[in-house]
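The data block below is protein_13.pdb; it holds PDB, C-alpha atoms and all ligand atoms.
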```pdb
ATOM      1  CA  MET A  19     -18.249 -21.701  -4.717  1.00  0.00           C
ATOM      2  CA  ALA A  20     -14.842 -20.076  -4.397  1.00  0.00           C
ATOM      3  CA  HIS A  21     -14.242 -16.896  -6.322  1.00  0.00           C
ATOM      4  CA  THR A  22     -11.046 -17.320  -8.296  1.00  0.00           C
ATOM      5  CA  PRO A  23      -9.713 -15.249 -11.176  1.00  0.00           C
ATOM      6  CA  SER A  24     -10.636 -16.851 -14.476  1.00  0.00           C
ATOM      7  CA  ALA A  25      -8.700 -16.763 -17.718  1.00  0.00           C
ATOM      8  CA  ASN A  26     -10.997 -14.039 -19.029  1.00  0.00           C
ATOM      9  CA  PRO A  27      -9.040 -10.745 -18.804  1.00  0.00           C
ATOM     10  CA  GLN A  28     -12.194  -8.754 -18.076  1.00  0.00           C
ATOM     11  CA  ASP A  29     -13.097 -11.016 -15.126  1.00  0.00           C
ATOM     12  CA  LYS A  30      -9.545 -10.831 -13.885  1.00  0.00           C
ATOM     13  CA  ARG A  31      -9.571  -7.063 -14.041  1.00  0.00           C
ATOM     14  CA  GLN A  32     -12.785  -6.945 -12.033  1.00  0.00           C
ATOM     15  CA  TYR A  33     -11.416  -9.422  -9.513  1.00  0.00           C
ATOM     16  CA  PHE A  34      -8.307  -7.315  -8.864  1.00  0.00           C
ATOM     17  CA  GLU A  35     -10.241  -4.069  -8.933  1.00  0.00           C
ATOM     18  CA  GLN A  36     -12.507  -5.445  -6.215  1.00  0.00           C
ATOM     19  CA  ARG A  37      -9.567  -6.570  -4.111  1.00  0.00           C
ATOM     20  CA  LEU A  38      -7.797  -3.225  -4.533  1.00  0.00           C
ATOM     21  CA  ARG A  39     -10.899  -1.234  -3.644  1.00  0.00           C
ATOM     22  CA  GLN A  40     -11.355  -3.314  -0.513  1.00  0.00           C
ATOM     23  CA  ARG A  41      -7.715  -2.755   0.438  1.00  0.00           C
ATOM     24  CA  GLN A  42      -8.093   0.952  -0.250  1.00  0.00           C
ATOM     25  CA  GLN A  43     -11.047   1.140   2.144  1.00  0.00           C
ATOM     26  CA  GLU A  44      -9.184  -0.761   4.866  1.00  0.00           C
ATOM     27  CA  LEU A  45      -6.178   1.524   4.549  1.00  0.00           C
ATOM     28  CA  GLU A  46      -8.252   4.709   4.482  1.00  0.00           C
ATOM     29  CA  GLN A  47      -9.998   3.547   7.644  1.00  0.00           C
ATOM     30  CA  ALA A  48      -6.678   2.647   9.298  1.00  0.00           C
ATOM     31  CA  VAL A  49      -5.124   5.995   8.369  1.00  0.00           C
ATOM     32  CA  ALA A  50      -8.164   7.846   9.742  1.00  0.00           C
ATOM     33  CA  ASN A  51      -8.013   5.845  13.009  1.00  0.00           C
ATOM     34  CA  THR A  52      -4.291   6.510  13.353  1.00  0.00           C
ATOM     35  CA  VAL A  53      -4.823  10.251  13.028  1.00  0.00           C
ATOM     36  CA  VAL A  54      -7.585  10.169  15.660  1.00  0.00           C
ATOM     37  CA  GLN A  55      -5.395   8.171  18.061  1.00  0.00           C
ATOM     38  CA  ALA A  56      -2.420  10.435  17.531  1.00  0.00           C
ATOM     39  CA  LEU A  57      -4.517  13.531  18.149  1.00  0.00           C
ATOM     40  CA  SER A  58      -6.236  12.140  21.252  1.00  0.00           C
ATOM     41  CA  SER A  59      -2.940  10.995  22.795  1.00  0.00           C
ATOM     42  CA  ASN A  60      -1.911  14.641  22.623  1.00  0.00           C
ATOM     43  CA  ASN A  61      -4.730  15.739  24.873  1.00  0.00           C
ATOM     44  CA  ASP A  62      -3.548  15.146  28.430  1.00  0.00           C
ATOM     45  CA  ASP A  63      -1.481  17.681  30.407  1.00  0.00           C
ATOM     46  CA  ASN A  64      -1.503  15.929  33.803  1.00  0.00           C
ATOM     47  CA  ARG A  65       1.308  13.460  33.254  1.00  0.00           C
ATOM     48  CA  ASP A  66       4.759  12.966  34.672  1.00  0.00           C
ATOM     49  CA  VAL A  67       7.830  12.993  32.471  1.00  0.00           C
ATOM     50  CA  ALA A  68       7.998   9.197  32.035  1.00  0.00           C
ATOM     51  CA  ASP A  69       4.384   9.080  30.884  1.00  0.00           C
ATOM     52  CA  GLN A  70       5.050  11.882  28.469  1.00  0.00           C
ATOM     53  CA  ALA A  71       8.076  10.076  27.071  1.00  0.00           C
ATOM     54  CA  VAL A  72       5.979   6.957  26.499  1.00  0.00           C
ATOM     55  CA  ALA A  73       3.211   9.028  24.958  1.00  0.00           C
ATOM     56  CA  GLY A  74       5.752  10.727  22.713  1.00  0.00           C
ATOM     57  CA  TYR A  75       7.102   7.379  21.604  1.00  0.00           C
ATOM     58  CA  GLN A  76       3.610   6.030  20.957  1.00  0.00           C
ATOM     59  CA  LYS A  77       2.767   9.100  18.983  1.00  0.00           C
ATOM     60  CA  GLU A  78       5.872   8.687  16.890  1.00  0.00           C
ATOM     61  CA  LEU A  79       4.991   5.046  16.328  1.00  0.00           C
ATOM     62  CA  LEU A  80       1.471   5.966  15.314  1.00  0.00           C
ATOM     63  CA  PHE A  81       2.755   8.549  12.897  1.00  0.00           C
ATOM     64  CA  SER A  82       5.249   6.133  11.353  1.00  0.00           C
ATOM     65  CA  GLN A  83       2.508   3.520  10.985  1.00  0.00           C
ATOM     66  CA  GLY A  84       0.411   6.215   9.380  1.00  0.00           C
ATOM     67  CA  THR A  85       3.228   6.972   6.946  1.00  0.00           C
ATOM     68  CA  VAL A  86       3.560   3.314   5.952  1.00  0.00           C
ATOM     69  CA  ARG A  87      -0.186   3.062   5.421  1.00  0.00           C
ATOM     70  CA  SER A  88      -0.278   6.293   3.447  1.00  0.00           C
ATOM     71  CA  SER A  89       2.377   5.026   1.066  1.00  0.00           C
ATOM     72  CA  GLN A  90       0.556   1.691   0.736  1.00  0.00           C
ATOM     73  CA  LEU A  91      -2.600   3.623   0.024  1.00  0.00           C
ATOM     74  CA  ARG A  92      -0.780   5.503  -2.721  1.00  0.00           C
ATOM     75  CA  LEU A  93       0.335   2.209  -4.266  1.00  0.00           C
ATOM     76  CA  VAL A  94      -3.229   0.874  -4.143  1.00  0.00           C
ATOM     77  CA  ARG A  95      -4.575   4.042  -5.803  1.00  0.00           C
ATOM     78  CA  GLN A  96      -1.925   3.848  -8.510  1.00  0.00           C
ATOM     79  CA  ALA A  97      -2.783   0.186  -9.128  1.00  0.00           C
ATOM     80  CA  LEU A  98      -6.446   1.186  -9.524  1.00  0.00           C
ATOM     81  CA  ALA A  99      -5.348   3.849 -12.016  1.00  0.00           C
ATOM     82  CA  ARG A 100      -3.440   1.168 -13.951  1.00  0.00           C
ATOM     83  CA  ILE A 101      -6.568  -0.996 -13.994  1.00  0.00           C
ATOM     84  CA  ALA A 102      -8.439   1.988 -15.442  1.00  0.00           C
ATOM     85  CA  ASP A 103      -5.844   2.650 -18.163  1.00  0.00           C
ATOM     86  CA  GLY A 104      -5.314  -1.030 -18.955  1.00  0.00           C
ATOM     87  CA  SER A 105      -1.661  -1.287 -17.907  1.00  0.00           C
ATOM     88  CA  PHE A 106      -2.383  -3.231 -14.696  1.00  0.00           C
ATOM     89  CA  GLY A 107      -0.298  -6.402 -14.348  1.00  0.00           C
ATOM     90  CA  ASP A 108       2.752  -4.969 -16.121  1.00  0.00           C
ATOM     91  CA  CYS A 109       5.841  -3.775 -14.282  1.00  0.00           C
ATOM     92  CA  VAL A 110       5.961   0.053 -14.362  1.00  0.00           C
ATOM     93  CA  ARG A 111       9.733  -0.092 -14.752  1.00  0.00           C
ATOM     94  CA  CYS A 112      10.503  -2.724 -17.391  1.00  0.00           C
ATOM     95  CA  TYR A 113       6.955  -3.240 -18.788  1.00  0.00           C
ATOM     96  CA  GLN A 114       7.198  -7.018 -18.442  1.00  0.00           C
ATOM     97  CA  ALA A 115       4.185  -8.864 -17.066  1.00  0.00           C
ATOM     98  CA  ILE A 116       4.322  -9.300 -13.302  1.00  0.00           C
ATOM     99  CA  GLY A 117       4.157 -12.994 -12.294  1.00  0.00           C
ATOM    100  CA  ALA A 118       0.680 -14.364 -11.562  1.00  0.00           C
ATOM    101  CA  LYS A 119       1.590 -15.458  -8.022  1.00  0.00           C
ATOM    102  CA  ARG A 120       3.152 -12.097  -7.225  1.00  0.00           C
ATOM    103  CA  ILE A 121       0.190 -10.083  -8.509  1.00  0.00           C
ATOM    104  CA  GLU A 122      -2.168 -12.403  -6.632  1.00  0.00           C
ATOM    105  CA  ALA A 123      -0.273 -11.867  -3.358  1.00  0.00           C
ATOM    106  CA  LEU A 124       0.428  -8.140  -3.914  1.00  0.00           C
ATOM    107  CA  PRO A 125      -2.070  -6.721  -6.423  1.00  0.00           C
ATOM    108  CA  TRP A 126      -0.824  -3.181  -5.668  1.00  0.00           C
ATOM    109  CA  THR A 127       2.821  -3.883  -6.467  1.00  0.00           C
ATOM    110  CA  PRO A 128       4.121  -1.663  -9.283  1.00  0.00           C
ATOM    111  CA  TYR A 129       7.172  -3.855  -9.995  1.00  0.00           C
ATOM    112  CA  CYS A 130       7.977  -7.325 -11.228  1.00  0.00           C
ATOM    113  CA  ILE A 131      10.110  -9.422  -8.899  1.00  0.00           C
ATOM    114  CA  ASN A 132      13.315  -8.679 -10.860  1.00  0.00           C
ATOM    115  CA  CYS A 133      12.887  -4.920 -10.628  1.00  0.00           C
ATOM    116  CA  GLN A 134      11.823  -5.143  -6.976  1.00  0.00           C
ATOM    117  CA  GLU A 135      14.985  -7.071  -6.094  1.00  0.00           C
ATOM    118  CA  ARG A 136      17.206  -4.736  -8.075  1.00  0.00           C
ATOM    119  CA  ILE A 137      15.653  -1.705  -6.342  1.00  0.00           C
ATOM    120  CA  GLU A 138      16.061  -3.328  -2.919  1.00  0.00           C
ATOM    121  CA  ARG A 139      19.717  -4.060  -3.671  1.00  0.00           C
ATOM    122  CA  GLY A 140      20.185  -0.452  -4.762  1.00  0.00           C
ATOM    123  CA  GLU A 141      20.994  -1.462  -8.337  1.00  0.00           C
ATOM    124  CA  ALA A 142      18.013   0.317  -9.826  1.00  0.00           C
ATOM    125  CA  GLU A 143      16.165   3.536  -9.136  1.00  0.00           C
ATOM    126  CA  PRO A 144      12.500   3.321  -8.204  1.00  0.00           C
ATOM    127  CA  THR A 145      10.313   4.766 -10.945  1.00  0.00           C
ATOM    128  CA  ALA A 146       9.652   8.444 -10.156  1.00  0.00           C
ATOM    129  CA  SER A 147       5.855   8.173 -10.223  1.00  0.00           C
ATOM    130  CA  VAL A 148       5.814   5.606  -7.407  1.00  0.00           C
ATOM    131  CA  ALA A 149       8.754   6.850  -5.344  1.00  0.00           C
TER
HETATM  132 ZN    ZN A 201      10.248  -5.038 -13.966  1.00  0.00          ZN
END
```

Same coordinates, now as structure tokens:
Amino acid sequence: MAHTPSANPQDKRQYFEQRLRQRQQELEQAVANTVVQALSSNNDDNRDVADQAVAGYQKELLFSQGTVRSSQLRLVRQALARIADGSFGDCVRCYQAIGAKRIEALPWTPYCINCQERIERGEAEPTASVA
């Protein structure tokens, strides 16, 4: 039997909470692994300059991946906080309900599609608490 969100708001809340917690764990694991990799790639002195350049680039890449994951992790944590305070599913900017398809695909998104597009076009400021 497939587990799908039902019309019951309580069930729906639990369904998204479960998905968000799972995502949080994945991201925490990924961030931890990235830190370990970045640290261990720092540990070799017997390299020529080309190797060091590659290692430097890889390290930078690892750190930037880590940054992306850290900000995703922050979004996931904030979504969990919104589940706890009952505001989950509403856009944090305009307070309209986020579309069902969008919240299903991106349960951690703080914005409805309209606000997201306006922010991406530079027409609106991201809300301070999620910036
Ligand atoms: Zn909005």

Resolved residues for the PyMOL selection byres (((not hetatm)) within 9 of (chain A and resi 201)) as a short mmCIF file (atom, residue, chain, number, x, y, z; two decimals) with C-alpha atoms, in the coordinates of the input:
```
data_model
loop_
_atom_site.label_atom_id
_atom_site.label_comp_id
_atom_site.auth_asym_id
_atom_site.auth_seq_id
_atom_site.Cartn_x
_atom_site.Cartn_y
_atom_site.Cartn_z
CA ASP A 108 2.75 -4.97 -16.12
CA CYS A 109 5.84 -3.78 -14.28
CA VAL A 110 5.96 0.05 -14.36
CA ARG A 111 9.73 -0.09 -14.75
CA CYS A 112 10.50 -2.72 -17.39
CA TYR A 113 6.96 -3.24 -18.79
CA GLN A 114 7.20 -7.02 -18.44
CA ALA A 115 4.18 -8.86 -17.07
CA ILE A 116 4.32 -9.30 -13.30
CA PRO A 128 4.12 -1.66 -9.28
CA TYR A 129 7.17 -3.86 -9.99
CA CYS A 130 7.98 -7.32 -11.23
CA ILE A 131 10.11 -9.42 -8.90
CA ASN A 132 13.32 -8.68 -10.86
CA CYS A 133 12.89 -4.92 -10.63
CA GLN A 134 11.82 -5.14 -6.98
#
```

* Asked: Which distance in Å separates CA of Arg100 in chain A and CA of Gly84 in chain A, to one decimal?
  ->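 Computing the Euclidean distance for CA of Arg100 in chain A and CA of Gly84 in chain A yields 24.2 Å.
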
* To do: Give the answer as one residue: which of A:Lys77, A:Arg139, A:Arg39, A:Arg120 has the shortest atom-to-atom distance to Gln96 in chain A, using all atoms listed in the file?
  =>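 Checking each candidate against Gln96 in chain A, we get A:Arg39 as the closest.
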
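Interatomic distance, CA of Val94 in chain A to CA of Trp126 in chain A: 5.0 Å.
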
* Pick from A:Thr127, A:Glu122, A:Leu45, A:Leu57, whichever lies nearest to Ala97 in chain A using only C-alpha atoms ->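 Using only C-alpha atoms, Ala97 in chain A sits closest to A:Thr127.
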
* For the file shown, report as a PyMOL selection string the outcome of the PyMOL selection byres (((chain A and resi 92) around 12) and not hetatm) at residue level. => chain A and resi 38+41-42+45-46+49+85-91+93-99+126-128+147-149

* Atomic distance CA of Glu35 in chain A - CA of Leu124 in chain A, expressed in Å with one decimal -> 12.5 Å

* Tell me which of A:Ala118, A:Ser82, A:Gly140, A:Ala68 sits closest to Thr52 in chain A, counting all atoms listed in the file. =>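 Of all the options, A:Ser82 lies closest to Thr52 in chain A.
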
Could you rebuild range 77-89 of chain A with N, CA and C atoms and give me the result as an mmCIF file, keeping the file's coordinate frame?
```cif
data_model
loop_
_atom_site.group_PDB
_atom_site.id
_atom_site.type_symbol
_atom_site.label_atom_id
_atom_site.label_comp_id
_atom_site.auth_asym_id
_atom_site.auth_seq_id
_atom_site.Cartn_x
_atom_site.Cartn_y
_atom_site.Cartn_z
ATOM 1 N N LYS A 77 3.216 8.186 20.033
ATOM 2 C CA LYS A 77 2.767 9.100 18.983
ATOM 3 C C LYS A 77 3.638 8.958 17.739
ATOM 4 N N GLU A 78 4.942 8.871 17.995
ATOM 5 C CA GLU A 78 5.872 8.687 16.890
ATOM 6 C C GLU A 78 5.576 7.393 16.124
ATOM 7 N N LEU A 79 5.297 6.334 16.920
ATOM 8 C CA LEU A 79 4.991 5.046 16.328
ATOM 9 C C LEU A 79 3.725 5.141 15.479
ATOM 10 N N LEU A 80 2.729 5.799 16.042
ATOM 11 C CA LEU A 80 1.471 5.966 15.314
ATOM 12 C C LEU A 80 1.695 6.724 14.014
ATOM 13 N N PHE A 81 2.516 7.774 14.099
ATOM 14 C CA PHE A 81 2.755 8.549 12.897
ATOM 15 C C PHE A 81 3.532 7.737 11.864
ATOM 16 N N SER A 82 4.491 6.922 12.331
ATOM 17 C CA SER A 82 5.249 6.133 11.353
ATOM 18 C C SER A 82 4.368 5.050 10.739
ATOM 19 N N GLN A 83 3.465 4.470 11.554
ATOM 20 C CA GLN A 83 2.508 3.520 10.985
ATOM 21 C C GLN A 83 1.623 4.214 9.960
ATOM 22 N N GLY A 84 1.234 5.432 10.300
ATOM 23 C CA GLY A 84 0.411 6.215 9.380
ATOM 24 C C GLY A 84 1.128 6.467 8.069
ATOM 25 N N THR A 85 2.444 6.719 8.153
ATOM 26 C CA THR A 85 3.228 6.972 6.946
ATOM 27 C C THR A 85 3.283 5.729 6.063
ATOM 28 N N VAL A 86 3.514 4.563 6.706
ATOM 29 C CA VAL A 86 3.560 3.314 5.952
ATOM 30 C C VAL A 86 2.229 3.078 5.252
ATOM 31 N N ARG A 87 1.133 3.281 6.016
ATOM 32 C CA ARG A 87 -0.186 3.062 5.421
ATOM 33 C C ARG A 87 -0.468 4.055 4.314
ATOM 34 N N SER A 88 -0.051 5.300 4.495
ATOM 35 C CA SER A 88 -0.278 6.293 3.447
ATOM 36 C C SER A 88 0.447 5.906 2.170
ATOM 37 N N SER A 89 1.667 5.384 2.289
ATOM 38 C CA SER A 89 2.377 5.026 1.066
ATOM 39 C C SER A 89 1.783 3.767 0.443
#
```
